[in-house]
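Trainee: Below you will find the structure I want to go over with you.
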Amino acid sequence: MSIVIDQISKSYGGHTVVDRVSLNVNDGELVVLLGSSGSGKSTILRLVAGLILPDEGRIMLNGVDITHLPPQRRGLGFVFQNYSIFPNMTIAENIEFGMRIRKVPLRERKAHSERLLELVGLPGLGSRYSSQLSGGQQQRVALARALAYEPPVLLLDEPLGAVDTKTRIQLRQSLKSILKEIGVTTIMVTHDQQEAFELADRVAIMNNGHIEQYGFPGDVYYNPATQFTADFVGDINFFEGRVTASTAEECEIELFGHWPVRRRGSHPFQPGRNVLYGVRPEQIRVSLLEPESYENGIKGVIENSMFFGDVTRYSIRLNRGGVVDVRVLNYLFIEGMVMPYELNEEVWLIWSQGSGIILADETLPETRSLSPAG
Amino acid sequence: MNQGKAFYKKISPMLPAGFLVLVLLPLLLLPLASVFIYALRGGPGNLVASLTTTDVLFALRFSLIIAFATAVVNTVLGTYAAWVLSKTRFPGREQLGIILNLPVAIPNVVVGTSLLLLWGPIGLFGQVLGPLGIQPMFTSVGVLLAHVFVTFPYMLGTIKPVLDDLETTYEEAAYTMGASRWQAFLHVVFPALKGGLLTGALLTFAHSLGEFGATVMVSGNLRLRTQTAPLYIFSQFESGNIQAANSVAAVLAILSFVLFSLILFLAARTGRKGAQRGR
C-alpha cells in the first residue's frame, strides 16, 4: 500500500522537530529516512504509526486519511530499536500477540508463527524467552512479530542499531531478502549511510526536521542537492571556486583563483558565479605524473597518512592552501602497482572530468576547504 | 606457638560476625527472645488460655482485617500513584513525589493527630460530617484511614521503580499490534508488575499489622471495637498483665517473621528472574 505524508509538522515545547515534511512512498517500496540523531526521522515514523499526532498536515494510507486514527486501528507493523520483545512471553507468544488480539484461532496462530520463525531463520526457537536470544535473534523476532498480522506497511526504527557491526551486516542482507520476498511497503529509519544505501529503494536525507533530499541512493550520492547531503552520505572534499566558462556540455571552474578544473555535463551555473566544488576521496587518485588533458589535476604535498586496513588515507596539502583527503587501496601497494608515498613528497591529485559536484555558493563554508565528514 | 597461630587462623574469619552478634544480642535478639520467654512463663496451657480470650481474638482478627484492607486499598492507590509519577509528565511532578512519600518521614503519632484534626468531631471535615451522622474517628474506618496514610509509601516505593524501568515502547509495541490500553496493561504491564505488587502488598500488610502510633490516636483504643493487637499489648502492659501482653506479642512476632521471610523469598525470586532475563 502507498503512503503519502503531506506537510506534517510536530513541535515539542516550542521546538519544531518535524517541519512541514512531505513524502510519497509507493506500494511495495522500501524508503529509508537517513539522518543524524535529532533530525526528526524517528518522530516521522512515530507519526505514521499513530504513536504521536501531528500538529498539522495529513498522512494517507492508500488514499485514506489516517492522520487521527489511533495506532490500534492503523494496523501497521513497527519494529522498535530496542525490539521490545515482551519478556513475560515466549518468542512464539510474542509473534502470536497481534493475531491473538485479532482473535485468530489458536491452531492458525501457531502455524503462522512457525512459518514466520522459519522465514526469519529461527525455526524451533518459539518456546524460548527473549533473554535466551542474542541481539541479532531478538531483532529477527521483532521483525517476525511485526509481520505476523500481515500489516499493509512496515515501520522499522533503527532496526539494526543495537547489534554489533558484523551481525549488523549479516542482518542487513537477510532483512533485505525477507522484505523483498514479502514485498511489504516499508519505511525504515537509520543514521547509518551504508545501511540506507544497501536497503533503500529510495532514501530521504533528514536534517533539522526537514527533508534535504529524496531520491534514489545513486542520485543522492553522486548528485547531492545540498552541501549537508553531500557531506552526510559520504566523505567529500569541498573547494571554493568560480565558474569561468560554461556550455551545455561542460563547465570550467577556477579553484583558489587560478587552478582550472572541468566538469562534463549540463548544469545551471553561469560564468562568474561563485560555487562550491566537491570531489569524493575515492574519485581521486594520487600520482607522481601530470594528469592527461581529459583529466583534472591539482598539485599538493603529502602531509599525513593513516592506515585503515583496506585503504590508506592520505591528507594532502594543496599548494594554494587547504587539505584534501584521498584514499588509496592498500592492495595496489602490495601488488607493486603503486609505490607508497613519502611524507612531504610532492604529488598530483587527479580525477575524472566526469566527477565532481557543483553547488551554489549559498552553502559556502568559512574555510577554504573542508575535511571529509566523519 | 604454632598451635596458637593455627587456632587464630581458624577462628579469625568468624571474628567480625561474632562481634556483630555480640552487639546485636542485647539490641535485637534478646528482646525478641524475652517476648517468647515471658509468653511461655506460665506454660503452654496458660499461653493458649491467654490467646483465646474474647479480647485477644477480637484484637488479632481486627488487626488482620485492617491489615488486609489496608493492603488492598494501597495496592490500588499506590499503583495508580506510581503510574502517574512514572508515566505522566506535569509541572510539580517531583514535588508531588516527595509529598506522597512524606508519611515515611512524619512520626505516626503526628499522622494520627492530623487525621483527628481533620476528621474528628471538631475537625474540618468532621464538623460537616458529624451532623450527617458520619463519624469516622474512633471507628474501624478511622483506623483504616490511619493505616492507609502511614503505609502508603511502601506500595508506591515498590511499584514506581518497576514502572520506571519498564520502557514505554513495550506498551507502544502492543498498541501497534492492535491492543487497547486495557489489553496492553493486562498482557504487558501487569505481568511486569506482578512481583512488585505482591511484595508491596506484603510490606503494607506487615507494617499495618504492627502500626501503633497513629492507631492509638484515631481509634480511641476501644476494646472489642477498635482495639488492634498492638493496642491490646500496650493496654495489658499498662495494667500489669505482662504474660497476656507477651502472648499476643509473640503471635505478632511470628506473623511478622513469616511475612518478612515471604517478602525476602519473593525479592530473591524476582532478582533471580531479573538476572536470568539480563543474561
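Please note that chains go A, B, ... in the order of the C-alpha cells, that every chain numbers its residues from 1, and that ligands are numbered from 1 in the order shown.
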Can you tell me which residues surround Ala71 of chain B at a distance of at most 7 Å, considering only C-alpha atoms, apart from same-chain residues fewer than 4 positions away, and format the answer as a short mmCIF file (atom, residue, chain, number, x, y, z; two decimals) with N, CA and C atoms, in the first residue's frame?

Mentor:
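File produced: around-v6.cif:
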```cif
data_model
loop_
_atom_site.label_atom_id
_atom_site.label_comp_id
_atom_site.auth_asym_id
_atom_site.auth_seq_id
_atom_site.Cartn_x
_atom_site.Cartn_y
_atom_site.Cartn_z
N ALA B 67 -5.24 -4.87 58.33
CA ALA B 67 -4.02 -5.01 57.53
C ALA B 67 -4.36 -5.45 56.11
N THR B 75 -2.77 -1.11 47.42
CA THR B 75 -2.34 -1.73 46.16
C THR B 75 -2.93 -0.95 44.99
N ALA B 201 2.32 -5.36 48.58
CA ALA B 201 1.14 -5.68 49.39
C ALA B 201 1.56 -6.34 50.71
N THR B 204 3.07 -3.66 52.99
CA THR B 204 1.99 -2.84 53.53
C THR B 204 1.28 -3.60 54.65
N PHE B 205 0.98 -4.87 54.39
CA PHE B 205 0.28 -5.71 55.36
C PHE B 205 1.09 -5.81 56.66
#
```

Trainee: Which chain B residues are at most 9 Å from chain A (counting only C-alpha atoms), as a list in words?

Mentor: Glu167, Thr169, Tyr170, Glu171, Glu172, Ala173, Ala174, Tyr175, Thr176, Met177, Gly178, Ala179, Ser180, Gln183, His187, Val188, Pro191, Ala192, Gln276, Arg277, Gly278 and Arg279 of chain B

Trainee: I need the residues from that last selection saved to file as a PDB file, in the first residue's frame (with C-alpha atoms), if you can.

Mentor:
```pdb
ATOM      1  CA  GLU B 167      10.130   1.202  28.777  1.00  0.00           C
ATOM      2  CA  THR B 169       7.986   1.016  23.894  1.00  0.00           C
ATOM      3  CA  TYR B 170       6.561  -2.241  25.332  1.00  0.00           C
ATOM      4  CA  GLU B 171       3.134  -0.639  25.598  1.00  0.00           C
ATOM      5  CA  GLU B 172       3.592   1.098  22.255  1.00  0.00           C
ATOM      6  CA  ALA B 173       4.531  -2.218  20.648  1.00  0.00           C
ATOM      7  CA  ALA B 174       1.294  -3.674  21.992  1.00  0.00           C
ATOM      8  CA  TYR B 175      -0.699  -0.693  20.637  1.00  0.00           C
ATOM      9  CA  THR B 176       0.791  -1.035  17.156  1.00  0.00           C
ATOM     10  CA  MET B 177      -0.176  -4.717  17.215  1.00  0.00           C
ATOM     11  CA  GLY B 178      -3.777  -3.731  17.871  1.00  0.00           C
ATOM     12  CA  ALA B 179      -4.017  -3.971  21.663  1.00  0.00           C
ATOM     13  CA  SER B 180      -6.246  -1.498  23.511  1.00  0.00           C
ATOM     14  CA  GLN B 183      -5.158  -5.164  26.828  1.00  0.00           C
ATOM     15  CA  HIS B 187      -0.782  -8.526  28.878  1.00  0.00           C
ATOM     16  CA  VAL B 188       2.323  -6.356  29.061  1.00  0.00           C
ATOM     17  CA  PRO B 191       2.926  -9.223  34.264  1.00  0.00           C
ATOM     18  CA  ALA B 192       5.917  -6.955  34.808  1.00  0.00           C
ATOM     19  CA  GLN B 276      18.131 -14.631  34.050  1.00  0.00           C
ATOM     20  CA  ARG B 277      16.471 -12.093  31.760  1.00  0.00           C
ATOM     21  CA  GLY B 278      19.561  -9.948  31.802  1.00  0.00           C
ATOM     22  CA  ARG B 279      21.797 -12.798  30.633  1.00  0.00           C
TER      23      ARG B 279
END
```

Trainee: Please list as a PyMOL selection string every residue within 8 Å of Val279 of chain A, counting only C-alpha atoms and excluding residues in the same chain fewer than 6 positions away.

Mentor: chain A and resi 236-238+355-357

Trainee: Contacts of Val189 of chain B at 8 Å or less, counting only C-alpha atoms, minus same-chain residues fewer than 4 places along, as a list in words?

Mentor: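 Near Val189 of chain B, the qualifying residues are Leu166, Glu171, Ala184, Phe185 and Leu193 of chain B.
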
Trainee: Tell me which protein, DNA and RNA residues are within 6 Å of Gly35 of chain A, counting only C-alpha atoms, leaving out same-chain ones fewer than 2 positions away, and put them as a list in words.

Mentor: Ser39, His191, Ile205 and Met206 of chain A

Trainee: Keeping N, CA and C atoms for every residue in the selection just given, could you write it to a file as an mmCIF file, in the first residue's frame?

Mentor:
```
data_model
loop_
_atom_site.group_PDB
_atom_site.id
_atom_site.type_symbol
_atom_site.label_atom_id
_atom_site.label_comp_id
_atom_site.auth_asym_id
_atom_site.auth_seq_id
_atom_site.Cartn_x
_atom_site.Cartn_y
_atom_site.Cartn_z
ATOM 1 N N SER A 39 17.305 14.634 14.065
ATOM 2 C CA SER A 39 16.923 15.207 12.775
ATOM 3 C C SER A 39 15.423 15.093 12.526
ATOM 4 N N HIS A 191 20.673 5.965 10.970
ATOM 5 C CA HIS A 191 21.672 7.031 10.864
ATOM 6 C C HIS A 191 22.886 6.519 10.085
ATOM 7 N N ILE A 205 17.053 12.180 2.940
ATOM 8 C CA ILE A 205 18.066 12.702 3.868
ATOM 9 C C ILE A 205 17.398 13.736 4.765
ATOM 10 N N MET A 206 17.429 13.485 6.081
ATOM 11 C CA MET A 206 16.758 14.366 7.041
ATOM 12 C C MET A 206 17.764 15.262 7.749
#
```

Trainee: Tell me, which residues of segment 118-362 of chain A carry DSSP alpha helix (DSSP H), written as a VMD selection string?

Mentor: chain A and resid 118 to 119 135 to 147 165 to 182 193 to 199 217 to 222 227 to 232 330 to 334

Trainee: Output C-alpha atoms for every residue in the selection just made, as a PDB file, in the first residue's frame.

Mentor:
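And here is the file that came out, part.pdb:
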```
ATOM      1  CA  GLU A 118      11.316 -20.123   9.564  1.00  0.00           C
ATOM      2  CA  LEU A 119      11.159 -17.030   7.389  1.00  0.00           C
ATOM      3  CA  GLY A 135      20.586  -9.272  19.946  1.00  0.00           C
ATOM      4  CA  GLY A 136      20.501 -10.404  16.319  1.00  0.00           C
ATOM      5  CA  GLN A 137      17.974 -13.125  17.075  1.00  0.00           C
ATOM      6  CA  GLN A 138      15.803 -10.658  19.011  1.00  0.00           C
ATOM      7  CA  GLN A 139      15.840  -8.346  16.003  1.00  0.00           C
ATOM      8  CA  ARG A 140      14.551 -11.197  13.833  1.00  0.00           C
ATOM      9  CA  VAL A 141      11.824 -11.990  16.364  1.00  0.00           C
ATOM     10  CA  ALA A 142      10.770  -8.317  16.421  1.00  0.00           C
ATOM     11  CA  LEU A 143      10.524  -8.411  12.636  1.00  0.00           C
ATOM     12  CA  ALA A 144       8.515 -11.660  12.655  1.00  0.00           C
ATOM     13  CA  ARG A 145       6.180 -10.230  15.309  1.00  0.00           C
ATOM     14  CA  ALA A 146       5.597  -7.056  13.295  1.00  0.00           C
ATOM     15  CA  LEU A 147       4.844  -9.104  10.170  1.00  0.00           C
ATOM     16  CA  THR A 165      28.940  -4.432  13.268  1.00  0.00           C
ATOM     17  CA  LYS A 166      29.404  -7.951  11.934  1.00  0.00           C
ATOM     18  CA  THR A 167      25.909  -9.082  12.942  1.00  0.00           C
ATOM     19  CA  ARG A 168      24.527  -5.846  11.508  1.00  0.00           C
ATOM     20  CA  ILE A 169      25.983  -6.611   8.078  1.00  0.00           C
ATOM     21  CA  GLN A 170      24.577 -10.157   8.151  1.00  0.00           C
ATOM     22  CA  LEU A 171      21.169  -8.939   9.350  1.00  0.00           C
ATOM     23  CA  ARG A 172      21.101  -6.240   6.692  1.00  0.00           C
ATOM     24  CA  GLN A 173      21.357  -8.836   3.963  1.00  0.00           C
ATOM     25  CA  SER A 174      18.733 -11.143   5.476  1.00  0.00           C
ATOM     26  CA  LEU A 175      16.414  -8.181   6.186  1.00  0.00           C
ATOM     27  CA  LYS A 176      16.647  -7.111   2.564  1.00  0.00           C
ATOM     28  CA  SER A 177      15.846 -10.575   1.234  1.00  0.00           C
ATOM     29  CA  ILE A 178      12.912 -11.029   3.674  1.00  0.00           C
ATOM     30  CA  LEU A 179      11.400  -7.653   2.796  1.00  0.00           C
ATOM     31  CA  LYS A 180      11.812  -8.300  -0.923  1.00  0.00           C
ATOM     32  CA  GLU A 181      10.207 -11.721  -0.539  1.00  0.00           C
ATOM     33  CA  ILE A 182       7.170 -10.283   1.241  1.00  0.00           C
ATOM     34  CA  GLN A 193      24.527   5.705   5.423  1.00  0.00           C
ATOM     35  CA  GLN A 194      25.787   2.280   4.276  1.00  0.00           C
ATOM     36  CA  GLU A 195      22.710   0.595   5.709  1.00  0.00           C
ATOM     37  CA  ALA A 196      20.463   3.128   3.980  1.00  0.00           C
ATOM     38  CA  PHE A 197      22.116   2.708   0.585  1.00  0.00           C
ATOM     39  CA  GLU A 198      22.155  -1.074   0.798  1.00  0.00           C
ATOM     40  CA  LEU A 199      18.494  -1.444   1.732  1.00  0.00           C
ATOM     41  CA  PRO A 217      20.653   6.183  -3.487  1.00  0.00           C
ATOM     42  CA  GLY A 218      22.929   6.702  -6.504  1.00  0.00           C
ATOM     43  CA  ASP A 219      21.406  10.108  -7.267  1.00  0.00           C
ATOM     44  CA  VAL A 220      21.712  11.235  -3.668  1.00  0.00           C
ATOM     45  CA  TYR A 221      25.336  10.141  -3.511  1.00  0.00           C
ATOM     46  CA  TYR A 222      26.559  11.455  -6.838  1.00  0.00           C
ATOM     47  CA  GLN A 227      26.354  20.557   0.975  1.00  0.00           C
ATOM     48  CA  PHE A 228      24.754  18.841   4.008  1.00  0.00           C
ATOM     49  CA  THR A 229      23.607  15.893   1.907  1.00  0.00           C
ATOM     50  CA  ALA A 230      26.941  15.622   0.125  1.00  0.00           C
ATOM     51  CA  ASP A 231      28.736  15.620   3.465  1.00  0.00           C
ATOM     52  CA  PHE A 232      26.296  13.313   5.256  1.00  0.00           C
ATOM     53  CA  ASN A 330      46.496  -0.901   0.046  1.00  0.00           C
ATOM     54  CA  TYR A 331      46.166  -3.791  -2.378  1.00  0.00           C
ATOM     55  CA  LEU A 332      47.811  -1.585  -5.023  1.00  0.00           C
ATOM     56  CA  PHE A 333      50.901  -1.108  -2.828  1.00  0.00           C
ATOM     57  CA  ILE A 334      51.177  -4.819  -2.042  1.00  0.00           C
TER      58      ILE A 334
END
```

Trainee: Taking the DSSP secondary structure from the backbone, can you list the residues of segment 45-273 of chain A that are strand (DSSP E or B), as a PyMOL selection string?

Mentor: chain A and resi 56-61+64-65+77-79+90+129+153-157+185-190+202-207+210-215+237-246+250-255+259-264

Trainee: May I have the residues within 12 Å of Ala81 of chain B as a list in words, using only C-alpha atoms and disregarding those fewer than 5 positions away in the same chain?

Mentor: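 Residues meeting the cut-off are Asn74, Thr75, Val76, Ser86, Lys87, Thr88, Arg93, Leu96, Gly97, Ile99, Leu100, Asn101, Phe152, Pro153, Tyr154, Met155, Leu156, Gly157, Thr158, Ile159, Lys160 and Leu163 of chain B.
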
Trainee: Just how far from atom CA of Ala267 of chain B is atom CA of Glu93 of chain A, in Å to one decimal?

Mentor: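 So the answer is 26.4 Å.
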
Trainee: Within 8 Å of Leu61 of chain A, counting only C-alpha atoms, which residues qualify if same-chain residues fewer than 4 places away don't, as a list in words?

Mentor: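 After dropping sequence-adjacent residues, the list is Met1, Ser2, Ile3, Val4, Asp65 and Ile66 of chain A.
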
Trainee: How would the residues just picked look written out with N, CA and C atoms as a JSON list (two decimals), in the first residue's frame?

Mentor:
```json
[["chain", "number", "residue", "atom", "x", "y", "z"],
["A", 1, "MET", "N", 0.84, -1.20, 0.00],
["A", 1, "MET", "CA", 0.00, 0.00, 0.00],
["A", 1, "MET", "C", 0.88, 1.25, 0.00],
["A", 2, "SER", "N", 0.38, 2.29, -0.62],
["A", 2, "SER", "CA", 1.17, 3.52, -0.70],
["A", 2, "SER", "C", 0.92, 4.40, 0.53],
["A", 3, "ILE", "N", 1.92, 5.21, 0.84],
["A", 3, "ILE", "CA", 1.77, 6.17, 1.94],
["A", 3, "ILE", "C", 2.07, 7.56, 1.39],
["A", 4, "VAL", "N", 1.24, 8.50, 1.76],
["A", 4, "VAL", "CA", 1.51, 9.90, 1.41],
["A", 4, "VAL", "C", 1.58, 10.70, 2.71],
["A", 65, "ASP", "N", -7.30, 8.91, 4.64],
["A", 65, "ASP", "CA", -6.68, 9.77, 5.66],
["A", 65, "ASP", "C", -6.65, 9.04, 7.01],
["A", 66, "ILE", "N", -5.43, 8.75, 7.51],
["A", 66, "ILE", "CA", -5.31, 8.05, 8.80],
["A", 66, "ILE", "C", -4.69, 8.94, 9.87]]
```

Trainee: Find the residue from A:Gly126, A:Pro281, A:Gly309, A:Gly300 that sits nearest to Trp351 of chain A; use only C-alpha atoms when measuring.

Mentor: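 Using only C-alpha atoms, the shortest distance to Trp351 of chain A belongs to A:Pro281.
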
Trainee: What does the distance between atom CA of Ser11 of chain A and atom CA of Leu53 of chain A come to in Å, to one decimal place?

Mentor: 10.3 Å

Trainee: So the first atom is atom CA of Ala6 of chain B and the second is atom CA of Val23 of chain B; what is the distance between them in Å, to one decimal place?

Mentor: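 We find that atom CA of Ala6 of chain B and atom CA of Val23 of chain B lie 26.5 Å from each other.
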